[in-house]
$ cat query_10.txt   # compact mmCIF, C-alpha atoms
# COMPACT_ATOMS: atom_id res chain seq x y z
CA MET A 1 71.21 108.15 44.94
CA ASN A 2 71.23 111.82 43.98
CA ASN A 3 72.80 113.14 40.82
CA SER A 4 75.60 114.90 42.74
CA LEU A 5 76.76 111.66 44.35
CA LYS A 6 76.61 109.81 41.04
CA ALA A 7 78.68 112.53 39.40
CA ARG A 8 81.34 112.31 42.12
CA GLN A 9 81.54 108.53 41.72
CA VAL A 10 81.93 108.83 37.96
CA ILE A 11 84.66 111.44 38.37
CA ARG A 12 86.45 109.24 40.95
CA ALA A 13 86.29 106.21 38.66
CA MET A 14 87.60 108.24 35.74
CA SER A 15 90.45 109.59 37.90
CA GLN A 16 91.42 106.07 38.97
CA SER A 17 91.37 104.86 35.38
CA LEU A 18 93.50 107.81 34.33
CA CYS A 19 96.03 107.11 37.10
CA ILE A 20 96.26 103.46 36.07
CA ALA A 21 96.73 104.44 32.43
CA LEU A 22 99.46 106.92 33.34
CA LEU A 23 101.18 104.32 35.52
CA LEU A 24 101.13 101.77 32.71
CA LEU A 25 102.50 104.35 30.30
CA SER A 26 105.28 105.25 32.74
CA CYS A 27 106.19 101.60 33.27
CA GLY A 28 106.21 101.03 29.54
CA ALA A 29 108.41 104.06 28.97
CA LEU A 30 110.81 102.94 31.71
CA ALA A 31 111.00 99.43 30.28
CA ALA A 32 111.62 100.85 26.81
CA GLN A 33 114.34 103.11 28.18
CA THR A 34 116.02 100.16 29.92
CA GLU A 35 115.76 98.14 26.73
CA GLU A 36 117.22 100.99 24.71
CA HIS A 37 120.23 101.54 26.96
CA ARG A 38 121.28 97.96 27.61
CA VAL A 39 124.38 96.69 25.81
CA ARG A 40 123.24 94.20 23.20
CA ASN A 41 126.49 92.58 22.05
CA ILE A 42 127.95 89.75 24.11
CA VAL A 43 131.27 88.00 23.37
CA LEU A 44 131.91 84.67 25.13
CA VAL A 45 135.41 83.25 25.66
CA HIS A 46 135.99 79.66 26.81
CA GLY A 47 138.74 78.43 29.11
CA ALA A 48 141.48 75.82 28.98
CA TRP A 49 140.67 72.20 28.12
CA ALA A 50 137.35 73.26 26.61
CA ASP A 51 135.86 74.87 23.52
CA GLY A 52 133.06 77.26 22.68
CA SER A 53 130.34 74.58 22.56
CA GLY A 54 130.09 74.64 26.34
CA TRP A 55 128.39 78.03 26.08
CA LYS A 56 125.37 76.56 24.21
CA GLY A 57 122.94 76.81 27.15
CA VAL A 58 123.97 80.38 27.97
CA TYR A 59 123.91 81.30 24.27
CA ASP A 60 120.33 80.03 23.87
CA ILE A 61 119.07 82.13 26.79
CA LEU A 62 120.84 85.30 25.66
CA VAL A 63 119.65 84.96 22.07
CA LYS A 64 116.08 84.38 23.27
CA ASP A 65 116.42 87.61 25.26
CA ARG A 66 117.46 89.41 22.04
CA TYR A 67 121.19 89.77 22.59
CA ASN A 68 123.72 89.46 19.79
CA VAL A 69 126.11 86.72 20.89
CA SER A 70 129.51 85.79 19.48
CA ILE A 71 131.62 82.86 20.72
CA VAL A 72 135.40 82.95 20.43
CA GLN A 73 137.21 79.72 19.62
CA GLU A 74 140.70 80.26 21.00
CA PRO A 75 143.33 77.92 19.54
CA GLU A 76 145.09 77.61 22.94
CA THR A 77 148.38 77.30 21.06
CA SER A 78 149.70 80.53 22.62
CA PHE A 79 148.35 83.24 24.89
CA LYS A 80 149.12 85.82 22.22
CA GLU A 81 147.06 83.93 19.66
CA ASP A 82 144.17 83.51 22.10
CA VAL A 83 144.15 87.25 22.77
CA ALA A 84 144.31 87.90 19.01
CA ALA A 85 141.36 85.57 18.39
CA THR A 86 139.35 87.46 21.01
CA LYS A 87 140.25 90.85 19.56
CA ARG A 88 139.30 89.57 16.13
CA ALA A 89 135.81 88.83 17.44
CA LEU A 90 135.63 92.23 19.14
CA ALA A 91 136.50 93.96 15.87
CA GLN A 92 133.38 92.43 14.32
CA GLN A 93 130.98 93.88 16.89
CA GLY A 94 130.57 97.44 15.60
CA GLU A 95 128.93 98.47 18.91
CA PRO A 96 129.82 98.36 22.62
CA CYS A 97 129.94 94.87 24.06
CA ILE A 98 130.20 92.82 27.24
CA LEU A 99 133.21 90.49 27.24
CA VAL A 100 132.69 87.25 29.17
CA ALA A 101 135.12 84.47 30.05
CA HIS A 102 135.39 81.19 31.88
CA SER A 103 138.49 79.89 33.68
CA TYR A 104 141.77 80.54 31.78
CA GLY A 105 139.71 82.75 29.47
CA GLY A 106 139.65 85.27 32.32
CA ALA A 107 143.32 86.01 31.73
CA VAL A 108 142.60 86.32 28.01
CA ILE A 109 139.83 88.90 28.47
CA THR A 110 141.86 90.77 31.09
CA GLU A 111 144.42 91.38 28.34
CA ALA A 112 142.04 91.75 25.38
CA GLY A 113 139.41 93.73 27.29
CA THR A 114 141.27 97.02 26.96
CA ASP A 115 139.75 97.18 23.48
CA PRO A 116 137.57 100.33 23.21
CA SER A 117 134.48 98.30 22.27
CA VAL A 118 134.43 96.56 25.67
CA VAL A 119 132.33 98.34 28.32
CA GLY A 120 132.11 95.54 30.89
CA LEU A 121 133.87 92.31 31.85
CA VAL A 122 132.20 89.19 33.28
CA TYR A 123 134.31 86.47 34.89
CA ILE A 124 132.68 83.05 35.28
CA ALA A 125 134.73 80.96 37.74
CA ALA A 126 137.69 82.61 36.07
CA HIS A 127 141.17 83.93 36.68
CA MET A 128 141.54 87.69 36.93
CA PRO A 129 145.25 88.60 37.05
CA ASP A 130 146.54 92.12 37.46
CA SER A 131 149.14 93.84 35.30
CA GLY A 132 152.48 92.08 35.75
CA GLU A 133 150.83 88.90 37.07
CA ASN A 134 150.04 85.50 35.57
CA GLU A 135 147.38 83.00 36.58
CA ALA A 136 149.85 80.26 37.53
CA ASP A 137 151.35 82.40 40.28
CA ASP A 138 147.97 83.77 41.34
CA GLY A 139 146.73 80.22 41.74
CA LYS A 140 149.35 79.60 44.41
CA ARG A 141 147.62 82.11 46.69
CA PHE A 142 144.77 79.65 47.15
CA PRO A 143 145.77 76.26 45.68
CA SER A 144 142.94 74.26 44.14
CA ASP A 145 142.19 70.57 44.55
CA LEU A 146 143.17 70.05 40.91
CA SER A 147 146.56 71.70 41.37
CA LYS A 148 147.34 69.20 44.13
CA SER A 149 145.94 66.16 42.37
CA GLY A 150 148.37 65.20 39.62
CA ALA A 151 145.45 65.05 37.15
CA ILE A 152 147.05 67.67 34.86
CA LYS A 153 149.18 65.91 32.28
CA LYS A 154 151.60 67.26 29.69
CA THR A 155 152.42 66.11 26.17
CA ALA A 156 155.95 65.78 24.83
CA ASP A 157 155.57 69.09 22.96
CA GLY A 158 154.45 71.09 26.00
CA PHE A 159 150.63 71.02 25.91
CA THR A 160 148.53 70.27 28.97
CA TYR A 161 145.34 68.27 29.38
CA LEU A 162 143.25 66.77 32.16
CA GLU A 163 143.43 63.04 32.63
CA PRO A 164 140.10 61.91 31.12
CA ALA A 165 139.39 59.51 33.98
CA GLN A 166 139.59 62.42 36.45
CA PHE A 167 137.88 65.09 34.32
CA HIS A 168 134.45 64.51 35.87
CA GLU A 169 135.78 64.70 39.43
CA TYR A 170 137.80 67.90 39.12
CA PHE A 171 136.24 69.84 36.23
CA ALA A 172 132.57 68.89 35.92
CA ALA A 173 131.27 67.18 39.06
CA ASP A 174 127.75 68.59 38.68
CA LEU A 175 127.33 67.25 35.14
CA SER A 176 126.37 63.71 34.22
CA ALA A 177 129.16 61.18 33.82
CA GLU A 178 128.27 60.88 30.14
CA GLN A 179 128.50 64.61 29.47
CA ALA A 180 131.73 64.91 31.43
CA ALA A 181 133.20 62.01 29.48
CA PHE A 182 132.38 63.70 26.20
CA MET A 183 133.96 66.96 27.37
CA ALA A 184 137.03 65.06 28.53
CA ARG A 185 137.47 63.39 25.15
CA SER A 186 136.84 66.61 23.20
CA GLN A 187 138.98 68.88 25.38
CA VAL A 188 141.32 71.33 23.65
CA LEU A 189 144.88 70.92 24.87
CA ASN A 190 146.33 74.14 26.24
CA LEU A 191 149.98 75.15 25.89
CA ALA A 192 151.54 75.00 29.36
CA ASP A 193 153.22 78.37 28.90
CA ASN A 194 149.81 80.01 28.52
CA PHE A 195 149.24 79.75 32.25
CA LYS A 196 152.41 81.78 32.83
CA ALA A 197 151.58 84.56 30.36
CA VAL A 198 152.06 87.94 32.03
CA ILE A 199 149.29 90.53 31.74
CA THR A 200 150.49 93.86 30.34
CA THR A 201 147.46 96.04 31.14
CA ALA A 202 144.58 94.67 33.22
CA ALA A 203 141.29 95.76 31.64
CA TRP A 204 139.34 95.42 34.89
CA ARG A 205 141.39 98.27 36.36
CA SER A 206 139.53 100.72 34.12
CA LYS A 207 136.24 98.93 33.37
CA PRO A 208 133.42 97.54 35.52
CA SER A 209 133.55 93.83 36.23
CA TRP A 210 131.33 91.02 37.48
CA MET A 211 132.45 87.73 39.02
CA LEU A 212 130.53 84.48 39.42
CA VAL A 213 131.98 82.23 42.13
CA ALA A 214 131.33 78.50 41.80
CA THR A 215 131.31 77.34 45.42
CA LYS A 216 132.30 73.73 44.66
CA ASP A 217 134.95 74.60 42.08
CA ARG A 218 137.88 72.17 42.31
CA THR A 219 139.81 73.58 39.33
CA ILE A 220 140.11 77.15 40.64
CA ASN A 221 139.78 77.58 44.40
CA PRO A 222 136.53 79.49 45.13
CA ASP A 223 138.46 81.56 47.67
CA LEU A 224 140.73 82.76 44.85
CA GLU A 225 137.67 83.77 42.83
CA ARG A 226 136.39 85.70 45.86
CA TRP A 227 139.80 87.31 46.35
CA TYR A 228 139.91 88.40 42.71
CA ALA A 229 136.42 89.90 43.01
CA GLU A 230 137.24 91.78 46.19
CA ARG A 231 140.46 93.20 44.76
CA ALA A 232 138.75 94.37 41.58
CA LYS A 233 135.66 95.59 43.44
CA SER A 234 133.62 93.39 41.12
CA HIS A 235 129.90 92.82 41.42
CA LYS A 236 129.95 89.26 42.84
CA VAL A 237 127.44 86.43 42.93
CA GLU A 238 127.95 82.90 44.24
CA VAL A 239 126.31 79.79 42.84
CA SER A 240 126.02 77.22 45.60
CA GLY A 241 127.09 73.69 44.76
CA ALA A 242 128.37 74.59 41.29
CA SER A 243 131.47 72.94 39.85
CA HIS A 244 134.07 74.59 37.63
CA SER A 245 131.74 73.77 34.71
CA VAL A 246 129.11 76.15 36.07
CA TYR A 247 128.81 77.78 32.65
CA VAL A 248 127.48 74.44 31.36
CA SER A 249 125.56 73.21 34.41
CA ARG A 250 123.93 76.49 35.49
CA PRO A 251 123.25 78.47 32.29
CA LYS A 252 120.35 80.45 33.83
CA GLU A 253 122.47 81.86 36.63
CA VAL A 254 125.36 82.61 34.28
CA ALA A 255 123.12 84.30 31.71
CA ALA A 256 121.43 86.34 34.45
CA LEU A 257 124.78 87.77 35.56
CA ILE A 258 125.73 88.60 31.97
CA GLU A 259 122.40 90.35 31.44
CA GLU A 260 122.90 92.30 34.65
CA ALA A 261 126.24 93.50 33.30
CA ALA A 262 124.64 94.41 29.97
CA SER A 263 121.99 96.46 31.76
CA HIS A 264 124.38 98.41 33.97
CA ALA A 265 127.58 98.85 31.93
CA ARG A 266 127.91 102.07 29.94
$ encode --input "query_10.txt" --output "structure tokens"
Amino acid sequence: MNNSLKARQVIRAMSQSLCIALLLLSCGALAAQTEEHRVRNIVLVHGAWADGSGWKGVYDILVKDRYNVSIVQEPETSFKEDVAATKRALAQQGEPCILVAHSYGGAVITEAGTDPSVVGLVYIAAHMPDSGENEADDGKRFPSDLSKSGAIKKTADGFTYLEPAQFHEYFAADLSAEQAAFMARSQVLNLADNFKAVITTAAWRSKPSWMLVATKDRTINPDLERWYAERAKSHKVEVSGASHSVYVSRPKEVAALIEEAASHAR
């Protein structure tokens, strides 16, 4: 092999190495830029007949992925107090955040999400009323199996709960019987009037939103979740076979949607 050919081969090899190095640098810079611009603060809001502990699986994933996660514990004693509890958590963020809710919590974040710190809203099998609406009336558009079942009970002082013996069937069918039983016995009773609370200003009208539809949801009709998403022009994903407790049973899918929102909201 002559010296000229050897020289060309060396130059070609060096050029290829340089291209690879530049490509790696570009990819690294792009990844760093994505990392820099993603929203890091996540606030999670639970729904009726539940508490914040149901978010544990989602919380663990988000924290591992270096998000700052706060979980609101709404008292469920009044819609106003639930909104106030959410705004209290938002006031502690100090930076832009993604506000996430399950079920009844969707109405709560629709009202509380007008807070300037909120740059994106994520609805997990949740209600999404408009201004002047309430979730009880919206639910009549597409009645759920639960609403027709008689499993919702009411205490003498006006609080609602799910009959524990029917909790697994209507609220958490894709969880074990043991886990559903624990959730049924630890459920937070929700004031009946909360479901009729009228939204004053719907945050999703002015902020980007994401909706996760649980296709086997028997507490909120999946078709209502789809209808909400279409009306709001939300980014929508569907989790096949998931019950209303999708935030507990499918934490990976739920966390993935939240992280998508955090990467795209500004």
$ closest_atom_pairs --input "query_10.txt" --of "segment 37-85 of chain A" --to "segment 156-163 of chain A" --cutoff "10 Å" --atoms "only C-alpha atoms" --output "JSON lines"
{"residue": "A:Ala48", "atom": "CA", "partner": "A:Tyr161", "partner_atom": "CA", "distance": 8.5}
{"residue": "A:Trp49", "atom": "CA", "partner": "A:Tyr161", "partner_atom": "CA", "distance": 6.2}
{"residue": "A:Ala50", "atom": "CA", "partner": "A:Tyr161", "partner_atom": "CA", "distance": 9.8}
{"residue": "A:Glu76", "atom": "CA", "partner": "A:Phe159", "partner_atom": "CA", "distance": 9.1}
{"residue": "A:Thr77", "atom": "CA", "partner": "A:Phe159", "partner_atom": "CA", "distance": 8.2}
$ residues_around --input "query_10.txt" --residues "Asn41 of chain A" --least-positions-apart "6" --cutoff "8 Å" --atoms "all atoms listed in the file" --output "PyMOL selection string"
chain A and resi 67-70+93+95-98
$ closest_atom_pairs --input "query_10.txt" --of "segment 152-198 of chain A" --to "segment 122-138 of chain A" --cutoff "7 Å" --atoms "all atoms listed in the file" --output "Markdown table"
| residue | atom | partner | partner_atom | distance |
| --- | --- | --- | --- | --- |
| A:Phe195 | CA | A:Ala136 | CA | 5.3 |
| A:Lys196 | CA | A:Asn134 | CA | 5.2 |
| A:Ala197 | CA | A:Asn134 | CA | 5.5 |
| A:Val198 | CA | A:Asn134 | CA | 4.8 |
$ atom_distance --input "query_10.txt" --atom1 "atom CA of Ala232 of chain A" --atom2 "atom CA of Ala262 of chain A"
18.3 Å
$ closest_residue --input "query_10.txt" --among "A:Ala203, A:Ile71, A:Ile42, A:Val248" --to "Ala261 of chain A" --atoms "all atoms listed in the file"
A:Ile42
$ closest_residue --input "query_10.txt" --among "A:Val118, A:Val63, A:Ala214, A:Ala101" --to "Arg250 of chain A" --atoms "only C-alpha atoms"
A:Ala214
$ closest_residue --input "query_10.txt" --among "A:Arg141, A:Lys207, A:His264, A:Lys216" --to "Tyr228 of chain A" --atoms "only C-alpha atoms"
A:Arg141
$ closest_residue --input "query_10.txt" --among "A:Thr215, A:Gln92, A:Asn190, A:Ser209" --to "Lys236 of chain A" --atoms "only C-alpha atoms"
A:Ser209
$ atom_distance --input "query_10.txt" --atom1 "atom CA of Val108 of chain A" --atom2 "atom CA of Gly52 of chain A"
14.2 Å
$ atom_distance --input "query_10.txt" --atom1 "atom CA of Ala265 of chain A" --atom2 "atom CA of Glu253 of chain A"
18.4 Å
$ closest_residue --input "query_10.txt" --among "A:Lys148, A:Lys140, A:Arg40, A:Lys56" --to "Gly94 of chain A" --atoms "all atoms listed in the file"
A:Arg40
$ closest_residue --input "query_10.txt" --among "A:Gln73, A:Ser147, A:Ser103, A:Ser78" --to "Leu212 of chain A" --atoms "all atoms listed in the file"
A:Ser103
$ residues_near_point --input "query_10.txt" --point "(135.7, 82.4, 26.5)" --cutoff "7 Å" --atoms "all atoms listed in the file" --output "list in words"
Leu44, Val45, His46, Gly47, Gly52, Val72, Val100, Ala101, His102 and Gly105 of chain A
$ write_last_selection --input "query_10.txt" --atoms "C-alpha atoms" --output "compact mmCIF listing (two decimals), in the coordinates of the input"
# COMPACT_ATOMS: atom_id res chain seq x y z
CA LEU A 44 131.91 84.67 25.13
CA VAL A 45 135.41 83.25 25.66
CA HIS A 46 135.99 79.66 26.81
CA GLY A 47 138.74 78.43 29.11
CA GLY A 52 133.06 77.26 22.68
CA VAL A 72 135.40 82.95 20.43
CA VAL A 100 132.69 87.25 29.17
CA ALA A 101 135.12 84.47 30.05
CA HIS A 102 135.39 81.19 31.88
CA GLY A 105 139.71 82.75 29.47
$ decode --input "query_10.txt" --residues "segment 82-94 of chain A" --atoms "all heavy atoms" --output "compact mmCIF listing (two decimals), in the first residue's frame"
# COMPACT_ATOMS: atom_id res chain seq x y z
N ASP A 82 -60.99 22.87 49.33
CA ASP A 82 -60.12 22.03 48.50
C ASP A 82 -59.31 22.88 47.52
O ASP A 82 -58.12 22.63 47.30
CB ASP A 82 -60.95 21.00 47.74
CG ASP A 82 -61.56 19.95 48.66
OD1 ASP A 82 -61.10 19.83 49.81
OD2 ASP A 82 -62.50 19.26 48.23
N VAL A 83 -59.95 23.89 46.95
CA VAL A 83 -59.24 24.82 46.07
C VAL A 83 -58.18 25.59 46.86
O VAL A 83 -57.05 25.77 46.40
CB VAL A 83 -60.22 25.79 45.38
CG1 VAL A 83 -59.48 26.90 44.64
CG2 VAL A 83 -61.13 25.02 44.42
N ALA A 84 -58.55 26.01 48.07
CA ALA A 84 -57.60 26.76 48.91
C ALA A 84 -56.39 25.89 49.27
O ALA A 84 -55.25 26.37 49.27
CB ALA A 84 -58.30 27.24 50.17
N ALA A 85 -56.63 24.62 49.57
CA ALA A 85 -55.52 23.72 49.90
C ALA A 85 -54.58 23.56 48.71
O ALA A 85 -53.35 23.51 48.86
CB ALA A 85 -56.07 22.36 50.32
N THR A 86 -55.14 23.51 47.51
CA THR A 86 -54.34 23.39 46.30
C THR A 86 -53.53 24.66 46.05
O THR A 86 -52.33 24.61 45.74
CB THR A 86 -55.24 23.08 45.09
OG1 THR A 86 -55.97 21.88 45.36
CG2 THR A 86 -54.42 22.91 43.82
N LYS A 87 -54.17 25.80 46.22
CA LYS A 87 -53.46 27.07 46.02
C LYS A 87 -52.37 27.27 47.07
O LYS A 87 -51.34 27.87 46.80
CB LYS A 87 -54.46 28.23 46.06
CG LYS A 87 -55.34 28.31 44.82
CD LYS A 87 -56.18 29.57 44.82
CE LYS A 87 -56.93 29.73 43.51
NZ LYS A 87 -57.73 30.97 43.44
N ARG A 88 -52.60 26.73 48.24
CA ARG A 88 -51.59 26.81 49.30
C ARG A 88 -50.33 26.06 48.87
O ARG A 88 -49.21 26.52 49.09
CB ARG A 88 -52.17 26.20 50.58
CG ARG A 88 -51.50 26.65 51.87
CD ARG A 88 -52.31 26.15 53.07
NE ARG A 88 -53.63 26.76 53.11
CZ ARG A 88 -54.78 26.08 53.18
NH1 ARG A 88 -54.77 24.75 53.21
NH2 ARG A 88 -55.93 26.71 53.21
N ALA A 89 -50.53 24.90 48.25
CA ALA A 89 -49.39 24.12 47.75
C ALA A 89 -48.71 24.84 46.59
O ALA A 89 -47.48 24.85 46.49
CB ALA A 89 -49.86 22.74 47.31
N LEU A 90 -49.50 25.47 45.73
CA LEU A 90 -48.93 26.20 44.59
C LEU A 90 -48.07 27.37 45.07
O LEU A 90 -47.03 27.67 44.48
CB LEU A 90 -50.05 26.71 43.68
CG LEU A 90 -50.85 25.64 42.93
CD1 LEU A 90 -52.00 26.28 42.17
CD2 LEU A 90 -49.96 24.85 41.99
N ALA A 91 -48.49 28.01 46.14
CA ALA A 91 -47.76 29.16 46.67
C ALA A 91 -46.38 28.78 47.18
O ALA A 91 -45.49 29.63 47.29
CB ALA A 91 -48.57 29.83 47.78
N GLN A 92 -46.19 27.50 47.47
CA GLN A 92 -44.90 27.03 47.99
C GLN A 92 -43.92 26.64 46.88
O GLN A 92 -42.76 26.35 47.17
CB GLN A 92 -45.12 25.81 48.89
CG GLN A 92 -45.93 26.12 50.14
CD GLN A 92 -46.18 24.87 50.97
OE1 GLN A 92 -46.47 23.81 50.43
NE2 GLN A 92 -46.04 24.97 52.27
N GLN A 93 -44.34 26.67 45.63
CA GLN A 93 -43.50 26.17 44.55
C GLN A 93 -42.34 27.10 44.22
O GLN A 93 -41.22 26.66 44.06
CB GLN A 93 -44.34 25.90 43.30
CG GLN A 93 -45.44 24.87 43.51
CD GLN A 93 -44.93 23.59 44.13
OE1 GLN A 93 -44.04 22.94 43.60
NE2 GLN A 93 -45.50 23.21 45.28
N GLY A 94 -42.60 28.39 44.05
CA GLY A 94 -41.53 29.32 43.75
C GLY A 94 -41.11 29.33 42.29
O GLY A 94 -40.37 30.21 41.85
